[in-house]
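Colleague: Please find coords_12.cif (mmCIF, C-alpha atoms) on the next line:
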```
data_model
#
loop_
_atom_site.label_atom_id
_atom_site.label_comp_id
_atom_site.auth_asym_id
_atom_site.auth_seq_id
_atom_site.Cartn_x
_atom_site.Cartn_y
_atom_site.Cartn_z
CA MET A 209 0.00 0.00 0.00
CA LEU A 210 2.83 2.38 0.85
CA GLY A 211 4.51 1.47 -2.44
CA ASN A 212 1.33 2.49 -4.26
CA LEU A 213 1.43 5.79 -2.36
CA VAL A 214 4.96 6.37 -3.71
CA THR A 215 3.93 5.28 -7.22
CA GLY A 216 0.84 7.49 -7.14
CA CYS A 217 2.84 10.54 -6.03
CA SER A 218 5.45 9.86 -8.73
CA VAL A 219 2.77 9.64 -11.43
CA LEU A 220 0.55 12.51 -10.25
CA ALA A 221 3.20 14.99 -9.04
CA PRO A 222 3.18 17.30 -12.11
CA ALA A 223 -0.60 17.81 -11.78
CA GLY A 224 -0.06 19.44 -8.39
CA MET A 225 2.62 21.87 -9.55
CA LEU A 226 2.04 22.71 -13.21
CA VAL A 227 2.36 26.45 -12.62
CA GLU A 228 5.66 26.05 -10.74
CA LEU A 229 7.06 23.70 -13.38
CA SER A 230 6.00 26.12 -16.11
CA ALA A 231 7.70 29.07 -14.42
CA GLY A 232 10.79 27.21 -13.26
CA LEU A 233 11.52 25.46 -16.56
CA GLY A 234 10.46 28.30 -18.87
CA VAL A 235 7.69 26.38 -20.66
CA SER A 236 3.93 26.84 -21.05
CA VAL A 237 1.42 25.22 -18.69
CA ARG A 238 0.28 22.95 -21.52
CA THR A 239 3.89 21.84 -22.18
CA ALA A 240 4.35 21.13 -18.48
CA GLY A 241 1.16 19.06 -18.66
CA LEU A 242 2.80 16.89 -21.33
CA LEU A 243 4.90 15.39 -18.54
CA ILE A 244 1.70 13.58 -17.59
CA THR A 245 0.70 12.75 -21.18
CA PHE A 246 4.09 11.36 -22.24
CA GLY A 247 4.51 9.65 -18.88
CA ALA A 248 1.15 7.95 -19.32
CA ILE A 249 2.17 6.70 -22.77
CA MET A 250 5.34 5.22 -21.27
CA LEU A 251 3.30 3.60 -18.50
CA CYS A 252 0.75 2.06 -20.87
CA VAL A 253 3.52 0.51 -22.98
CA GLY A 254 5.70 -0.44 -20.04
CA SER A 255 3.11 -2.26 -17.94
CA PRO A 256 2.40 -5.27 -20.21
CA VAL A 257 5.96 -5.44 -21.57
CA THR A 258 7.57 -5.44 -18.14
CA ALA A 259 4.94 -7.89 -16.83
CA TRP A 260 5.97 -10.28 -19.61
CA LEU A 261 9.72 -9.78 -19.15
CA THR A 262 9.67 -10.10 -15.36
CA SER A 263 6.94 -12.70 -14.77
CA ARG A 264 9.49 -15.32 -13.65
CA ILE A 265 11.22 -13.05 -11.13
CA GLU A 266 10.50 -13.60 -7.45
CA ARG A 267 7.97 -10.96 -6.30
CA ARG A 268 9.89 -9.55 -3.34
CA THR A 269 12.96 -8.96 -5.48
CA LEU A 270 10.87 -7.41 -8.26
CA LEU A 271 8.85 -5.03 -6.09
CA THR A 272 11.78 -3.82 -4.00
CA ALA A 273 13.92 -3.24 -7.12
CA THR A 274 11.09 -1.21 -8.65
CA LEU A 275 10.88 1.00 -5.57
CA ALA A 276 14.66 1.46 -5.60
CA VAL A 277 14.43 2.79 -9.17
CA LEU A 278 11.61 5.15 -8.16
CA ALA A 279 13.76 6.46 -5.31
CA LEU A 280 16.79 7.11 -7.52
CA THR A 281 14.86 8.72 -10.39
CA ASN A 282 12.84 11.01 -8.12
CA LEU A 283 16.06 12.19 -6.47
CA ALA A 284 17.61 12.70 -9.92
CA SER A 285 14.53 14.74 -10.97
CA ALA A 286 15.23 17.20 -8.16
CA PHE A 287 18.50 18.12 -9.93
CA ALA A 288 17.18 18.18 -13.53
CA PRO A 289 18.57 21.35 -15.19
CA ASP A 290 15.87 21.75 -17.85
CA TYR A 291 12.57 20.43 -19.21
CA ALA A 292 14.14 17.89 -21.60
CA SER A 293 16.21 16.35 -18.81
CA LEU A 294 13.23 16.16 -16.47
CA LEU A 295 11.11 14.51 -19.18
CA ALA A 296 13.84 11.94 -19.94
CA ILE A 297 14.21 11.04 -16.26
CA ARG A 298 10.42 10.81 -15.91
CA LEU A 299 10.13 8.41 -18.85
CA LEU A 300 12.78 6.16 -17.30
CA MET A 301 11.09 6.41 -13.90
CA LEU A 302 7.68 5.42 -15.20
CA GLY A 303 8.96 2.81 -17.65
CA ILE A 304 10.16 0.82 -14.61
CA GLY A 305 7.54 2.12 -12.19
CA ALA A 306 4.79 0.69 -14.42
CA LEU A 307 5.55 -2.65 -12.78
CA TYR A 308 4.57 -1.78 -9.26
CA THR A 309 0.79 -1.34 -9.11
CA PRO A 310 -0.29 -4.46 -11.08
CA GLN A 311 2.37 -6.67 -9.54
CA ALA A 312 1.45 -5.51 -6.02
CA ALA A 313 -2.14 -6.57 -6.69
CA GLY A 314 -1.01 -9.89 -8.16
CA THR A 315 1.31 -10.51 -5.20
CA ALA A 316 -1.52 -9.88 -2.75
CA ALA A 317 -3.52 -12.63 -4.48
CA LEU A 318 -0.69 -15.04 -3.65
CA ILE A 319 -0.66 -14.38 0.11
CA VAL A 320 -4.34 -14.09 1.13
CA ARG A 321 -7.31 -16.47 1.05
CA GLN A 322 -9.63 -16.17 -1.95
CA GLU A 323 -12.55 -14.85 0.12
CA LYS A 324 -10.38 -11.95 1.32
CA ARG A 325 -8.87 -11.14 -2.07
CA GLY A 326 -11.30 -8.35 -2.98
CA SER A 327 -10.89 -6.38 0.23
CA THR A 328 -7.11 -6.89 0.21
CA ILE A 329 -6.68 -5.53 -3.32
CA ALA A 330 -8.93 -2.59 -2.43
CA TYR A 331 -6.74 -1.93 0.62
CA ILE A 332 -3.58 -1.95 -1.50
CA PHE A 333 -5.19 0.66 -3.75
CA LEU A 334 -5.70 2.84 -0.70
CA GLY A 335 -2.14 3.98 -1.48
CA TRP A 336 -3.37 5.74 -4.62
CA SER A 337 -6.13 7.40 -2.59
CA LEU A 338 -3.55 8.61 -0.09
CA ALA A 339 -1.40 9.90 -2.95
CA ALA A 340 -4.30 12.18 -3.83
CA ALA A 341 -5.44 12.87 -0.25
CA VAL A 342 -2.04 13.62 1.26
CA GLY A 343 0.39 13.66 -1.64
CA LEU A 344 -1.19 16.17 -4.01
CA PRO A 345 -2.00 18.84 -1.40
CA ALA A 346 1.50 18.44 0.02
CA ILE A 347 2.98 18.69 -3.49
CA THR A 348 1.04 21.91 -4.15
CA PHE A 349 2.05 23.34 -0.75
CA ILE A 350 5.75 22.44 -1.05
CA ALA A 351 6.06 23.54 -4.69
CA SER A 352 4.42 26.93 -4.07
CA ARG A 353 6.80 27.69 -1.19
CA TYR A 354 10.04 25.78 -1.82
CA GLY A 355 9.94 24.99 -5.55
CA TRP A 356 9.33 21.87 -7.60
CA PRO A 357 12.80 20.28 -6.95
CA ALA A 358 11.90 19.99 -3.24
CA VAL A 359 8.84 17.94 -4.20
CA TYR A 360 10.90 15.37 -6.08
CA ALA A 361 13.41 15.18 -3.22
CA ALA A 362 10.57 14.46 -0.76
CA ILE A 363 9.09 11.72 -2.97
CA GLY A 364 12.57 10.20 -3.34
CA ALA A 365 12.99 10.06 0.44
CA MET A 366 9.57 8.44 0.83
CA SER A 367 10.50 5.90 -1.86
CA CYS A 368 13.59 4.92 0.14
CA LEU A 369 11.45 4.32 3.23
CA SER A 370 8.96 2.20 1.28
CA PHE A 371 11.81 0.18 -0.25
CA LEU A 372 13.23 -0.64 3.19
CA LEU A 373 9.86 -1.59 4.72
CA LEU A 374 8.87 -3.81 1.80
CA GLY A 375 12.21 -5.59 1.81
CA TRP A 376 11.79 -6.20 5.55
CA ARG A 377 8.18 -7.42 5.62
CA LEU A 378 7.31 -9.09 2.30
CA PRO A 379 7.71 -12.93 2.38
CA ARG A 380 10.32 -14.58 0.20
CA GLY A 381 9.63 -17.14 -2.51
CA LEU A 382 6.49 -15.64 -4.07
CA ILE A 383 6.31 -16.61 -7.74
CA SER A 384 3.35 -15.81 -10.02
CA ALA A 385 2.28 -17.76 -13.10
CA PRO A 386 4.58 -16.95 -16.03
CA VAL A 387 3.19 -14.66 -18.74
CA ASP A 388 3.64 -15.79 -22.36
CA LEU A 389 2.09 -15.10 -25.76
CA LYS A 390 -0.64 -17.69 -25.14
CA THR A 391 -1.73 -15.68 -22.10
CA TRP A 392 -2.23 -12.52 -24.18
CA ALA A 393 -4.12 -14.53 -26.82
CA ALA A 394 -6.42 -15.96 -24.15
CA ILE A 395 -7.17 -12.45 -22.89
CA GLY A 396 -8.01 -11.34 -26.43
CA ARG A 397 -10.59 -14.14 -26.68
CA ASN A 398 -12.27 -13.28 -23.38
CA PRO A 399 -15.08 -10.73 -24.01
CA MET A 400 -15.61 -9.97 -20.31
CA ILE A 401 -11.96 -9.01 -19.83
CA LEU A 402 -12.07 -6.80 -22.94
CA LEU A 403 -15.18 -4.99 -21.67
CA LEU A 404 -13.58 -4.47 -18.25
CA LEU A 405 -10.50 -2.99 -19.93
CA LEU A 406 -12.77 -0.66 -21.93
CA ILE A 407 -14.41 0.52 -18.70
CA THR A 408 -11.02 1.42 -17.23
CA THR A 409 -10.05 3.33 -20.38
CA LEU A 410 -13.28 5.35 -20.40
CA GLN A 411 -13.15 6.12 -16.67
CA MET A 412 -9.59 7.37 -16.77
CA SER A 413 -9.97 9.29 -20.03
CA GLY A 414 -12.86 11.24 -18.56
CA GLN A 415 -11.16 12.02 -15.27
CA PHE A 416 -7.88 13.18 -16.77
CA VAL A 417 -9.52 15.62 -19.17
CA VAL A 418 -10.09 17.68 -16.01
CA PHE A 419 -7.66 16.29 -13.45
CA THR A 420 -4.43 17.08 -15.33
CA TYR A 421 -5.30 20.79 -15.46
CA MET A 422 -7.48 20.99 -12.35
CA GLY A 423 -5.21 23.51 -10.60
CA PRO A 424 -4.95 25.93 -13.55
CA LEU A 425 -8.66 25.44 -14.33
CA LEU A 426 -9.65 26.39 -10.77
CA ALA A 427 -7.33 29.40 -10.91
CA ARG A 428 -8.76 30.68 -14.18
CA LEU A 429 -12.42 29.83 -13.58
CA THR A 430 -12.68 30.96 -9.95
CA GLY A 431 -9.52 33.02 -9.28
CA ALA A 432 -8.36 30.51 -6.63
CA GLY A 433 -4.77 30.75 -5.36
CA PRO A 434 -2.38 27.91 -4.37
CA ASP A 435 -3.90 27.27 -0.92
CA PRO A 436 -7.57 27.02 -2.07
CA ILE A 437 -6.39 24.76 -4.91
CA ALA A 438 -4.46 22.58 -2.42
CA LEU A 439 -7.65 22.40 -0.33
CA VAL A 440 -9.59 21.05 -3.32
CA PHE A 441 -6.88 18.44 -3.96
CA ALA A 442 -7.08 17.50 -0.27
CA CYS A 443 -10.86 17.10 -0.44
CA TYR A 444 -10.48 14.98 -3.56
CA GLY A 445 -7.95 12.69 -1.94
CA ALA A 446 -9.59 12.50 1.49
CA CYS A 447 -12.87 11.49 -0.13
CA GLY A 448 -10.91 8.97 -2.20
CA VAL A 449 -9.71 7.38 1.04
CA ILE A 450 -13.28 7.33 2.37
CA GLY A 451 -14.54 5.74 -0.84
CA THR A 452 -11.82 3.09 -0.79
CA VAL A 453 -12.53 2.23 2.87
CA ILE A 454 -16.23 1.86 2.07
CA ALA A 455 -15.46 -0.29 -0.98
CA THR A 456 -13.12 -2.48 1.09
CA ARG A 457 -15.87 -3.03 3.65
CA ILE A 458 -18.69 -3.86 1.24
CA VAL A 459 -17.11 -5.62 -1.74
CA ASP A 460 -16.90 -9.08 -0.16
CA SER A 461 -20.65 -9.02 0.68
CA TRP A 462 -22.03 -6.91 -2.19
CA GLY A 463 -19.89 -8.40 -4.93
CA ALA A 464 -17.55 -6.50 -7.23
CA TRP A 465 -20.16 -5.61 -9.90
CA LYS A 466 -22.58 -3.86 -7.53
CA THR A 467 -19.72 -2.06 -5.83
CA SER A 468 -18.28 -1.01 -9.19
CA MET A 469 -21.67 0.23 -10.37
CA LEU A 470 -22.13 2.30 -7.20
CA PHE A 471 -18.77 4.06 -7.37
CA THR A 472 -18.78 4.62 -11.14
CA SER A 473 -22.17 6.32 -10.74
CA ILE A 474 -20.72 8.50 -7.96
CA LEU A 475 -17.83 9.36 -10.28
CA LEU A 476 -20.31 10.45 -12.94
CA THR A 477 -22.20 12.58 -10.41
CA GLY A 478 -19.04 14.39 -9.34
CA LEU A 479 -17.81 15.18 -12.84
CA GLY A 480 -21.28 16.26 -13.90
CA GLY A 481 -21.38 18.61 -10.92
CA TRP A 482 -18.00 20.09 -11.92
CA ALA A 483 -19.30 20.79 -15.43
CA LEU A 484 -22.53 22.39 -14.24
CA SER A 485 -20.95 24.51 -11.48
CA ALA A 486 -17.95 25.83 -13.45
CA GLY A 487 -16.87 29.20 -12.07
CA ILE A 488 -18.38 28.78 -8.57
CA TYR A 489 -15.57 27.67 -6.24
CA PRO A 490 -17.66 26.16 -3.36
CA LEU A 491 -19.79 24.08 -5.74
CA MET A 492 -16.79 22.95 -7.77
CA ALA A 493 -15.05 21.91 -4.53
CA VAL A 494 -18.09 19.87 -3.46
CA SER A 495 -18.24 18.26 -6.90
CA VAL A 496 -14.56 17.30 -6.66
CA ALA A 497 -15.23 15.74 -3.24
CA ILE A 498 -18.03 13.59 -4.72
CA TRP A 499 -15.79 12.69 -7.66
CA GLY A 500 -13.06 11.74 -5.19
CA ILE A 501 -15.27 9.17 -3.46
CA GLY A 502 -15.48 7.28 -6.74
CA PHE A 503 -12.04 7.60 -8.32
CA ALA A 504 -9.87 5.11 -6.40
CA SER A 505 -12.70 2.70 -5.63
CA THR A 506 -13.56 2.25 -9.30
CA ASN A 507 -9.92 1.39 -10.06
CA SER A 508 -9.65 -1.19 -7.29
CA MET A 509 -12.97 -2.79 -8.31
CA GLN A 510 -11.68 -3.17 -11.85
CA GLN A 511 -8.71 -5.14 -10.49
CA VAL A 512 -10.97 -7.32 -8.36
CA ARG A 513 -13.31 -8.06 -11.28
CA LEU A 514 -10.43 -8.95 -13.60
CA VAL A 515 -8.98 -11.39 -11.08
CA ALA A 516 -12.42 -12.97 -10.61
CA ALA A 517 -13.17 -13.14 -14.35
CA ALA A 518 -10.12 -15.32 -15.12
CA PRO A 519 -7.90 -16.12 -12.10
CA ALA A 520 -5.35 -17.99 -14.26
CA LEU A 521 -4.86 -14.87 -16.39
CA ALA A 522 -4.73 -12.42 -13.48
CA ALA A 523 -1.02 -11.52 -13.71
CA ALA A 524 -1.42 -10.47 -17.34
CA SER A 525 -4.94 -9.01 -17.19
CA VAL A 526 -4.19 -6.83 -14.16
CA SER A 527 -1.01 -5.50 -15.81
CA LEU A 528 -2.98 -4.86 -19.02
CA ASN A 529 -5.61 -3.04 -16.97
CA THR A 530 -2.87 -0.81 -15.62
CA SER A 531 -1.73 -0.26 -19.19
CA VAL A 532 -5.15 0.85 -20.44
CA LEU A 533 -5.52 2.96 -17.29
CA TYR A 534 -2.54 4.95 -18.47
CA ILE A 535 -3.85 4.97 -22.04
CA GLY A 536 -6.88 6.69 -20.55
CA GLN A 537 -4.63 9.16 -18.76
CA ALA A 538 -2.82 9.93 -22.01
CA ILE A 539 -6.06 10.37 -23.96
CA GLY A 540 -7.67 12.50 -21.27
CA SER A 541 -4.66 14.72 -20.62
CA ALA A 542 -4.14 15.25 -24.36
CA ILE A 543 -7.78 16.29 -24.81
CA GLY A 544 -7.60 18.44 -21.67
CA GLY A 545 -4.46 20.16 -22.95
CA PHE A 546 -6.10 20.81 -26.32
CA LEU A 547 -9.14 22.40 -24.66
CA TYR A 548 -7.06 24.40 -22.16
CA ALA A 549 -4.77 25.82 -24.85
CA ARG A 550 -7.83 27.06 -26.74
CA ASP A 551 -9.51 28.57 -23.65
CA LEU A 552 -12.38 26.05 -23.85
CA LEU A 553 -12.34 25.82 -20.08
CA ASN A 554 -16.00 25.01 -19.50
CA ALA A 555 -16.05 22.36 -22.24
CA SER A 556 -13.56 20.13 -20.40
CA GLY A 557 -16.12 19.23 -17.73
CA TYR A 558 -18.74 18.19 -20.25
CA VAL A 559 -16.27 16.11 -22.27
CA ALA A 560 -15.14 14.38 -19.06
CA THR A 561 -18.75 13.66 -18.09
CA ALA A 562 -19.47 12.13 -21.50
CA PHE A 563 -16.57 9.68 -21.14
CA VAL A 564 -17.68 8.54 -17.69
CA ALA A 565 -21.31 8.21 -18.85
CA LEU A 566 -20.07 5.74 -21.47
CA ALA A 567 -18.18 3.92 -18.70
CA VAL A 568 -21.38 3.57 -16.63
CA THR A 569 -23.19 2.17 -19.66
CA THR A 570 -20.44 -0.39 -20.18
CA VAL A 571 -20.52 -1.40 -16.49
CA VAL A 572 -24.24 -2.15 -16.94
CA LEU A 573 -23.39 -4.38 -19.90
CA THR A 574 -20.98 -6.43 -17.77
CA ARG A 575 -23.56 -7.33 -15.13
CA PRO A 576 -22.97 -11.00 -14.25
CA ARG A 577 -25.68 -13.58 -14.72
CA LYS A 578 -27.46 -14.71 -11.57
CA SER A 579 -25.90 -18.14 -11.85
CA ARG A 580 -22.44 -16.65 -11.69
CA SER A 581 -20.73 -14.62 -8.95
CA ALA A 582 -19.95 -10.93 -9.48
#
```
Do you think you could lay out the structure here as C-alpha cells?

Modeller:
Amino acid sequence: MLGNLVTGCSVLAPAGMLVELSAGLGVSVRTAGLLITFGAIMLCVGSPVTAWLTSRIERRTLLTATLAVLALTNLASAFAPDYASLLAIRLLMLGIGALYTPQAAGTAALIVRQEKRGSTIAYIFLGWSLAAAVGLPAITFIASRYGWPAVYAAIGAMSCLSFLLLGWRLPRGLISAPVDLKTWAAIGRNPMILLLLLITTLQMSGQFVVFTYMGPLLARLTGAGPDPIALVFACYGACGVIGTVIATRIVDSWGAWKTSMLFTSILLTGLGGWALSAGIYPLMAVSVAIWGIGFASTNSMQQVRLVAAAPALAAASVSLNTSVLYIGQAIGSAIGGFLYARDLLNASGYVATAFVALAVTTVVLTRPRKSRSA
C-alpha cells in the first residue's frame, strides 16, 4: 500500500505543480502538462511489456527493485537542469515504475485467502487514494513555497522508506504464473476481460480531461490561489480514502459488480457537478469531493473483477488493466491540454462527463448472470 502511495505521487506529481514547473523550466502550462501525457504513454507501454519480461522473477525482489528505481529517479529529478532532462528522467522512472501497481495486486492474491482477495486488493489501492489525499495537497504546498525540486526530493525520500519496509516485511519465494504469448491470446478471446478494460479506459480518459489541469482550471475559472487549490486536492484525496474504505468493507458481501456500479455512478455525479458549477468555487469543490469518493474505488474494483473473471490470467490481465488505465490518462490529458490551450475551459467538464457516462453504460453491460458470482 505504501509502495502504491509512492507510485501514485510519482505519477501525479506534475498535476499538483504545473504552474511552478511552467515558471521554473520556462515552458507553457500545456507543455508542463505533457509530462503527464508522455509519462502515461510510457506507462501504458511499459506495464504489459515489463509484466511479460519479469513474470518469472521472485515478487519480493521485483517489487523492492522497482521502488529502488523510483527512489533514484525522483532524487535525480530534483536536480534536472531543464525540461528535456526532467522529461527523460520521468520516462525512465515510469517505464520501470509501471511494474509496481499491477504486480502488487497480483502478489496480494498469492498471500491471502480467496474470500479476502477483494478487500485486500482494495486496501492496497488505498495507497493511490492517499497519494491524492495527502500527496497532491503536500505537493502543491511544497512547490508553491520551496519549488518543484523539493517535491521530487521528498518523494525520493519516501521511496527509500517504502523500499526498506517492503524488503523487511514481504515474504520470500512468491512466484506468479509466467506470462507468455498464449496468455495474451487468451485475454483477447475473453469478451468480459475486454469490456472491463474498456471501462477502465473510459473512466480514466474522462477524469484526466479535467484532473491534469485541475489547478490551472480552478485558478482561471474561480480566481483561486495555491492554498484554495491545495484544499480542493485535499478534499479529492480524502474522499478517495473514504470511498476506498467503504469499498473495502462492502465488496466481499455486495460483490464486485454492484460495488463497481455504485462508485462509477458517484464518479459520474461528481464530474457532472463540476461541469454544471464551473466558475463557482464552493460548488466545484463539493463536486470534486463527490468525484473523489469514486475515483480510487472504481480502479480497485476493476482489479478485483479482472482477477475474478479469469484467475489464471490475473497476472497479465491486471497488468494490461494498468496499461489501459494509463492509455486513458494519455487520452484524457491530451484532450484536456487541447481544450485548455484554446480557452475552452467550460467544455472540459462536459467532455469528461461524456466519457464517464459511457463507462457507466459499459458497467451495466458487464452485469454477471445470476448463476455466476460478481

Colleague: List the residues selected by the PyMOL selection byres ((chain A and resi 241) around 8) in the file shown, writing them as number ranges by chain.

Modeller: A: 222-223, 226, 237-240, 242-245, 420-421, 541, 545

Colleague: Each residue of region 266-328 of chain A with at least one atom at most 12 Å from region 336-356 of chain A should appear once, together with its nearest atom pair and the corresponding distance in Å (one decimal); atoms considered: only C-alpha atoms; ordering: chain, then increasing residue number; output as a tab-separated table.

Modeller:
```
residue	atom	partner	partner_atom	distance
A:Asn282	CA	A:Trp356	CA	11.4
A:Leu283	CA	A:Trp356	CA	11.8
A:Ser285	CA	A:Trp356	CA	9.4
A:Ala286	CA	A:Trp356	CA	7.5
A:Phe287	CA	A:Trp356	CA	10.2
A:Ala288	CA	A:Trp356	CA	10.5
A:Pro289	CA	A:Trp356	CA	12.0
A:Leu294	CA	A:Trp356	CA	11.2
A:Tyr308	CA	A:Trp336	CA	11.9
A:Thr309	CA	A:Trp336	CA	9.4
```

Colleague: Expressed in Å to a single decimal, how great is the separation between CA of Thr215 (chain A) and CA of Ser531 (chain A)?

Modeller: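 So the two atoms, CA of Thr215 (chain A) and CA of Ser531 (chain A), lie 14.4 Å apart.
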
Colleague: Of the residues A:Tyr558, A:Phe419, A:Phe563, A:Phe503, which is the one nearest to Val440 (chain A), using all atoms listed in the file?

Modeller: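 Smallest distance to Val440 (chain A) is found for A:Phe419.
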
Colleague: Can you work out which one of A:Met492, A:Leu429, A:Leu334, A:Leu406 has the shortest atom-to-atom distance to Gly448 (chain A), counting only C-alpha atoms?

Modeller: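 Smallest separation from Gly448 (chain A) among the options: A:Leu334.
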
Colleague: Considering all atoms listed in the file, state which residue in the set A:Phe441, A:Phe333, A:Tyr291, A:Tyr548 is at the smallest distance from Val494 (chain A).

Modeller: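 Counting all atoms listed in the file, the residue closest to Val494 (chain A) is A:Phe441.
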
Colleague: I'd like to know which of A:Ala438, A:Ile265, A:Val359, A:Leu425 is closest to Arg380 (chain A), using only C-alpha atoms.

Modeller: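 Distance minimum relative to Arg380 (chain A) lands on A:Ile265.
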
Colleague: Taking all atoms listed in the file into account, name the residue in A:Ala427, A:Ile454, A:Ile401, A:Ala313 that is nearest to Gly211 (chain A).

Modeller: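 The shortest atom-to-atom distance to Gly211 (chain A) comes from A:Ala313.
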
Colleague: Let me make sure I understand: among A:Tyr534, A:Leu213, A:Gly481, A:Thr467, which one has the smallest atom-to-atom distance to Gly303 (chain A) if we use all atoms listed in the file?

Modeller: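 Residue with the minimum atom-to-atom distance to Gly303 (chain A): A:Tyr534.
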
Colleague: On this file, the PyMOL selection byres ((chain A and resi 525) around 9) gives some set of residues; write that set as a PyMOL selection string.

Modeller: chain A and resi 256+310+391-392+395+401+405+511+514-515+518+521-524+526-530

Colleague: Counting only C-alpha atoms, select every polymer residue within 6 Å of (-24.4, -7.6, -12.8) as defined in the file's coordinates, and provide the selection as a compact mmCIF listing (two decimals) with C-alpha atoms, in the frame of the given file.

Modeller:
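Full text of selection-v9.txt as output:
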```
# COMPACT_ATOMS: atom_id res chain seq x y z
CA TRP A 465 -20.16 -5.61 -9.90
CA ARG A 575 -23.56 -7.33 -15.13
CA PRO A 576 -22.97 -11.00 -14.25
```

Colleague: Residues within 12 Å of (3.2, 5.2, -20.4), file coordinates, counting all atoms listed in the file: what are they? Give the list as a JSON list (two decimals) with C-alpha atoms, in the frame of the given file.

Modeller:
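Output saved as point_26.json:
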```json
[["chain", "number", "residue", "atom", "x", "y", "z"],
["A", 219, "VAL", "CA", 2.77, 9.64, -11.43],
["A", 242, "LEU", "CA", 2.80, 16.89, -21.33],
["A", 243, "LEU", "CA", 4.90, 15.39, -18.54],
["A", 244, "ILE", "CA", 1.70, 13.58, -17.59],
["A", 245, "THR", "CA", 0.70, 12.75, -21.18],
["A", 246, "PHE", "CA", 4.09, 11.36, -22.24],
["A", 247, "GLY", "CA", 4.51, 9.65, -18.88],
["A", 248, "ALA", "CA", 1.15, 7.95, -19.32],
["A", 249, "ILE", "CA", 2.17, 6.70, -22.77],
["A", 250, "MET", "CA", 5.34, 5.22, -21.27],
["A", 251, "LEU", "CA", 3.30, 3.60, -18.50],
["A", 252, "CYS", "CA", 0.75, 2.06, -20.87],
["A", 253, "VAL", "CA", 3.52, 0.51, -22.98],
["A", 254, "GLY", "CA", 5.70, -0.44, -20.04],
["A", 255, "SER", "CA", 3.11, -2.26, -17.94],
["A", 256, "PRO", "CA", 2.40, -5.27, -20.21],
["A", 257, "VAL", "CA", 5.96, -5.44, -21.57],
["A", 258, "THR", "CA", 7.57, -5.44, -18.14],
["A", 298, "ARG", "CA", 10.42, 10.81, -15.91],
["A", 299, "LEU", "CA", 10.13, 8.41, -18.85],
["A", 300, "LEU", "CA", 12.78, 6.16, -17.30],
["A", 301, "MET", "CA", 11.09, 6.41, -13.90],
["A", 302, "LEU", "CA", 7.68, 5.42, -15.20],
["A", 303, "GLY", "CA", 8.96, 2.81, -17.65],
["A", 304, "ILE", "CA", 10.16, 0.82, -14.61],
["A", 305, "GLY", "CA", 7.54, 2.12, -12.19],
["A", 306, "ALA", "CA", 4.79, 0.69, -14.42],
["A", 307, "LEU", "CA", 5.55, -2.65, -12.78],
["A", 528, "LEU", "CA", -2.98, -4.86, -19.02],
["A", 530, "THR", "CA", -2.87, -0.81, -15.62],
["A", 531, "SER", "CA", -1.73, -0.26, -19.19],
["A", 532, "VAL", "CA", -5.15, 0.85, -20.44],
["A", 533, "LEU", "CA", -5.52, 2.96, -17.29],
["A", 534, "TYR", "CA", -2.54, 4.95, -18.47],
["A", 535, "ILE", "CA", -3.85, 4.97, -22.04],
["A", 536, "GLY", "CA", -6.88, 6.69, -20.55],
["A", 537, "GLN", "CA", -4.63, 9.16, -18.76],
["A", 538, "ALA", "CA", -2.82, 9.93, -22.01],
["A", 539, "ILE", "CA", -6.06, 10.37, -23.96]]
```

Colleague: May I ask for the distance between CA of Thr477 (chain A) and CA of Val459 (chain A), given in Å to one decimal place?

Modeller: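 If I compute the distance from CA of Thr477 (chain A) to CA of Val459 (chain A), I get 20.8 Å.
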
Colleague: Can you tell me, as a PyMOL selection string, what residues are no more than 7 Å from Ala330 (chain A) when counting only C-alpha atoms, ignoring any on the same chain fewer than 6 positions away?

Modeller: chain A and resi 452+456+508

Colleague: CA of Thr408 (chain A) and CA of Gly445 (chain A) are how many Å apart?

Modeller: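 It comes out at 19.2 Å.
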
Colleague: Near Leu566 (chain A), counting all atoms listed in the file, which residues have an atom at most 12 Å away, once you skip same-chain residues fewer than 2 positions from it, shown as a PDB file with C-alpha atoms, keeping the file's coordinate frame?

Modeller:
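File out20.pdb, as written:
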```pdb
ATOM      1  CA  LEU A 403     -15.180  -4.990 -21.670  1.00  0.00           C
ATOM      2  CA  LEU A 406     -12.770  -0.660 -21.930  1.00  0.00           C
ATOM      3  CA  ILE A 407     -14.410   0.520 -18.700  1.00  0.00           C
ATOM      4  CA  THR A 408     -11.020   1.420 -17.230  1.00  0.00           C
ATOM      5  CA  THR A 409     -10.050   3.330 -20.380  1.00  0.00           C
ATOM      6  CA  LEU A 410     -13.280   5.350 -20.400  1.00  0.00           C
ATOM      7  CA  GLN A 411     -13.150   6.120 -16.670  1.00  0.00           C
ATOM      8  CA  MET A 412      -9.590   7.370 -16.770  1.00  0.00           C
ATOM      9  CA  SER A 413      -9.970   9.290 -20.030  1.00  0.00           C
ATOM     10  CA  GLY A 414     -12.860  11.240 -18.560  1.00  0.00           C
ATOM     11  CA  THR A 472     -18.780   4.620 -11.140  1.00  0.00           C
ATOM     12  CA  SER A 473     -22.170   6.320 -10.740  1.00  0.00           C
ATOM     13  CA  LEU A 475     -17.830   9.360 -10.280  1.00  0.00           C
ATOM     14  CA  LEU A 476     -20.310  10.450 -12.940  1.00  0.00           C
ATOM     15  CA  VAL A 559     -16.270  16.110 -22.270  1.00  0.00           C
ATOM     16  CA  ALA A 560     -15.140  14.380 -19.060  1.00  0.00           C
ATOM     17  CA  THR A 561     -18.750  13.660 -18.090  1.00  0.00           C
ATOM     18  CA  ALA A 562     -19.470  12.130 -21.500  1.00  0.00           C
ATOM     19  CA  PHE A 563     -16.570   9.680 -21.140  1.00  0.00           C
ATOM     20  CA  VAL A 564     -17.680   8.540 -17.690  1.00  0.00           C
ATOM     21  CA  VAL A 568     -21.380   3.570 -16.630  1.00  0.00           C
ATOM     22  CA  THR A 569     -23.190   2.170 -19.660  1.00  0.00           C
ATOM     23  CA  THR A 570     -20.440  -0.390 -20.180  1.00  0.00           C
ATOM     24  CA  VAL A 571     -20.520  -1.400 -16.490  1.00  0.00           C
ATOM     25  CA  VAL A 572     -24.240  -2.150 -16.940  1.00  0.00           C
ATOM     26  CA  LEU A 573     -23.390  -4.380 -19.900  1.00  0.00           C
TER      27      LEU A 573
END
```

Colleague: Pick out the residues sitting within 10 Å of Ala455 (chain A), and hand them over as a PyMOL selection string; count only C-alpha atoms, and ignore anything fewer than 4 positions along from it in its own chain.

Modeller: chain A and resi 326-327+330-331+449-451+459-460+462+464+467-468+470-471+501-502+504-506+508-509
